[in-house]
Amino acid sequence: MDIRGKVHMDYLEAGANILITASYQATIQGFESKGFSKEQSENLLTKSVEIALEAREMFLKEHLEKSIPIQHPILVAASIGSYGAYLADGSEYSGDYGEAGTKEFLKDFHRRRLQVLAEAGPDLIAFETIPNKLEAQAYVELLEECNINIPAWLSFNSKDGVHIVSGDSVIECTTIADKCAKVGAVGINCTPPRFIHGLILSIRKVTDKPILIYPNSGERYDGEKKEWVESTGVSDGDFVSYVNEWCKDGAALIGGCCRTTPNTIRAIQRTLNQGFN
């Protein structure tokens with residue numbers, strides 16, 4: 001197993017129930033700009049799903065051989081990052097795409113990538129770190145136009161607990177997801193933990209779909225330096241101190257995004273198990 005599969009195994013051993021593929025920033029256009037052919041680019045996307053599926057199979061096999069019961073299903077979610085993630089200029093944290101900010105452009109950009117990842121056999125499609133409602137609208141239209149029959153989730157990132165990073169209302173964005181039958185859950189990721197409580201309450205106002213939240217460590221990303229500002233984050237202990245509150249607020253799926261680790265997931269699982277007991 002290579003390092004990518006080992007990372008998935010680390011999260012499974014920490015108690016994760018959903019593996020997210022390493023395809024967030026992987027795009028056909030990005031690979032082609034580095035000299036890969038279209039076929040090679042599509043194969044790399046497919047490989048990201050295969051690696052996660054193989055890690056799950058190995059984990060389940062090991063537990064079966066040791067007669068260790070699995071408490072919950074383990075699912076693989078194919079990650080689709082925003083157009084801003086492809087640009088790698090920090091615009092995934094602003095939602096400002098300039099002249100590229102049209103719905104048809106975004107649909108054309110994401111279409112083949114979505115199809116390839118769906119054909120690779122994941123259990124879920126994860127549209128992550130969505131920075132504006134235009135891209136959310138593009139996603140839900142693509143799900144219909146491409147006849148994707150794999151459940152999807154839409155996850156936004158917020159800058160203040162009321163709006164997503166573009167300034168669009170989180171309620172308006174949630175409504176877009178709520179109206180699409182192919183979207184099975186909606187929520188927030190890569191957002192400081194301190195904002196999550198209010199965001200869950202806002203989301204609950206306009207949807208009955210399951211709410212997922214997987215915040216970052218609370219650190220701020222500097223788009224110009226392309227690095228995280230460590231002094232702005234919280235410890236694993238501080239992070240998980242919010243977990244019971246998020247459950248009471250109505251979150252159905254809880255995890256961690258940037259700058260969290262398997263140790264974060266292990267602490268979340270421990271907290272959830274204690275709450276359940």
# chains A, B, ... in the order shown; residues from 1 in each chain; ligands from 1
>>> closest_atom_pairs(of="segment 22-140 of chain A", to="segment 178-187 of chain A", cutoff="12 Å", atoms="only C-alpha atoms", output="JSON lines")
{"residue": "A:Asp123", "atom": "CA", "partner": "A:Gly184", "partner_atom": "CA", "distance": 11.8}
{"residue": "A:Leu124", "atom": "CA", "partner": "A:Gly184", "partner_atom": "CA", "distance": 9.2}
{"residue": "A:Ile125", "atom": "CA", "partner": "A:Val183", "partner_atom": "CA", "distance": 9.1}
{"residue": "A:Ala126", "atom": "CA", "partner": "A:Ala185", "partner_atom": "CA", "distance": 9.6}
{"residue": "A:Phe127", "atom": "CA", "partner": "A:Val186", "partner_atom": "CA", "distance": 9.6}
{"residue": "A:Glu128", "atom": "CA", "partner": "A:Gly187", "partner_atom": "CA", "distance": 9.4}
{"residue": "A:Thr129", "atom": "CA", "partner": "A:Gly187", "partner_atom": "CA", "distance": 9.8}
{"residue": "A:Ile130", "atom": "CA", "partner": "A:Gly187", "partner_atom": "CA", "distance": 10.1}
{"residue": "A:Ala136", "atom": "CA", "partner": "A:Cys180", "partner_atom": "CA", "distance": 10.7}
{"residue": "A:Gln137", "atom": "CA", "partner": "A:Cys180", "partner_atom": "CA", "distance": 9.7}
{"residue": "A:Ala138", "atom": "CA", "partner": "A:Cys180", "partner_atom": "CA", "distance": 11.6}
{"residue": "A:Tyr139", "atom": "CA", "partner": "A:Val183", "partner_atom": "CA", "distance": 9.9}
{"residue": "A:Val140", "atom": "CA", "partner": "A:Cys180", "partner_atom": "CA", "distance": 6.4}
>>> closest_atom_pairs(of="segment 112-136 of chain A", to="segment 37-56 of chain A", cutoff="10 Å", atoms="only C-alpha atoms", output="Markdown table")
| residue | atom | partner | partner_atom | distance |
| --- | --- | --- | --- | --- |
| A:Arg112 | CA | A:Glu42 | CA | 8.7 |
| A:Arg113 | CA | A:Glu42 | CA | 7.6 |
| A:Leu114 | CA | A:Leu45 | CA | 9.7 |
| A:Gln115 | CA | A:Glu42 | CA | 9.8 |
| A:Val116 | CA | A:Glu42 | CA | 6.5 |
| A:Leu117 | CA | A:Thr46 | CA | 6.0 |
| A:Ala118 | CA | A:Thr46 | CA | 8.9 |
| A:Glu119 | CA | A:Thr46 | CA | 8.0 |
| A:Ala120 | CA | A:Thr46 | CA | 5.4 |
| A:Gly121 | CA | A:Val49 | CA | 7.3 |
| A:Pro122 | CA | A:Val49 | CA | 6.5 |
| A:Asp123 | CA | A:Leu53 | CA | 9.6 |
>>> write_last_selection(atoms="C-alpha atoms", output="JSON list (two decimals), in the first residue's frame")
[["chain", "number", "residue", "atom", "x", "y", "z"],
["A", 112, "ARG", "CA", -16.20, 15.64, -17.09],
["A", 113, "ARG", "CA", -14.48, 15.50, -13.72],
["A", 114, "LEU", "CA", -17.81, 14.72, -12.05],
["A", 115, "GLN", "CA", -18.59, 12.02, -14.59],
["A", 116, "VAL", "CA", -15.19, 10.33, -14.22],
["A", 117, "LEU", "CA", -15.32, 10.30, -10.43],
["A", 118, "ALA", "CA", -18.89, 8.98, -10.41],
["A", 119, "GLU", "CA", -17.96, 6.19, -12.84],
["A", 120, "ALA", "CA", -15.11, 5.11, -10.53],
["A", 121, "GLY", "CA", -17.61, 3.68, -8.05],
["A", 122, "PRO", "CA", -17.67, 5.83, -4.89],
["A", 123, "ASP", "CA", -20.59, 5.68, -2.47]]
>>> select_by_dssp(residues="segment 13-52 of chain A", states="alpha helix (DSSP H)", output="ChimeraX atom specification")
/A:13-14,28-33,38-52
>>> residues_around(residues="segment 244-259 of chain A", least_positions_apart="6", cutoff="7 Å", atoms="only C-alpha atoms", output="PyMOL selection string")
chain A and resi 189-190+197+200-201+210-217+265
>>> closest_residue(among="A:Phe36, A:Phe195, A:Tyr24, A:Phe59", to="Lys6 of chain A", atoms="only C-alpha atoms")
A:Phe59
>>> atom_distance(atom1="atom CA of Arg204 of chain A", atom2="atom CA of Asn157 of chain A")
16.3 Å
>>> residues_around(residues="Val240 of chain A", least_positions_apart="5", cutoff="8 Å", atoms="only C-alpha atoms", output="VMD selection string")
chain A and resid 264 267 to 268 271
>>> write_last_selection(atoms="all heavy atoms", output="compact mmCIF listing (two decimals), in the first residue's frame")
# COMPACT_ATOMS: atom_id res chain seq x y z
N THR A 264 -7.58 14.05 15.70
CA THR A 264 -8.82 14.81 15.83
C THR A 264 -10.02 13.89 15.68
O THR A 264 -10.98 13.95 16.47
CB THR A 264 -8.89 15.93 14.77
OG1 THR A 264 -7.66 16.63 14.71
CG2 THR A 264 -10.03 16.90 15.08
N ALA A 267 -10.50 11.71 18.69
CA ALA A 267 -11.10 12.45 19.80
C ALA A 267 -12.59 12.70 19.56
O ALA A 267 -13.40 12.62 20.49
CB ALA A 267 -10.37 13.78 19.99
N ILE A 268 -12.97 12.99 18.31
CA ILE A 268 -14.40 13.17 17.98
C ILE A 268 -15.16 11.88 18.25
O ILE A 268 -16.23 11.88 18.86
CB ILE A 268 -14.57 13.59 16.52
CG1 ILE A 268 -14.04 15.01 16.30
CG2 ILE A 268 -16.04 13.52 16.10
CD1 ILE A 268 -13.99 15.44 14.85
N THR A 271 -15.67 11.26 21.92
CA THR A 271 -16.69 12.15 22.46
C THR A 271 -18.09 11.71 22.07
O THR A 271 -19.02 11.69 22.90
CB THR A 271 -16.44 13.60 21.97
OG1 THR A 271 -15.15 14.01 22.39
CG2 THR A 271 -17.49 14.55 22.54
>>> select_by_dssp(residues="segment 5-156 of chain A", states="strand (DSSP E or B)", output="list in words")
Ile18, Leu19, Ile20, Leu75, Val76, Ala77, Ala78, Ser79, Ile80, Leu124, Ile125, Ala126, Phe127, Glu128, Thr129, Ile130, Ala152, Trp153, Leu154, Ser155 and Phe156 of chain A
>>> closest_residue(among="A:Ser91, A:Lys133, A:Ile176, A:Ala78", to="Lys103 of chain A", atoms="only C-alpha atoms")
A:Lys133
>>> closest_residue(among="A:Asn132, A:Ser33, A:Asn147, A:Ser94", to="Ser169 of chain A", atoms="only C-alpha atoms")
A:Asn132
>>> atom_distance(atom1="atom CA of Ile68 of chain A", atom2="atom CA of Arg266 of chain A")
17.6 Å
>>> atom_distance(atom1="atom CA of His163 of chain A", atom2="atom CA of Tyr93 of chain A")
12.1 Å
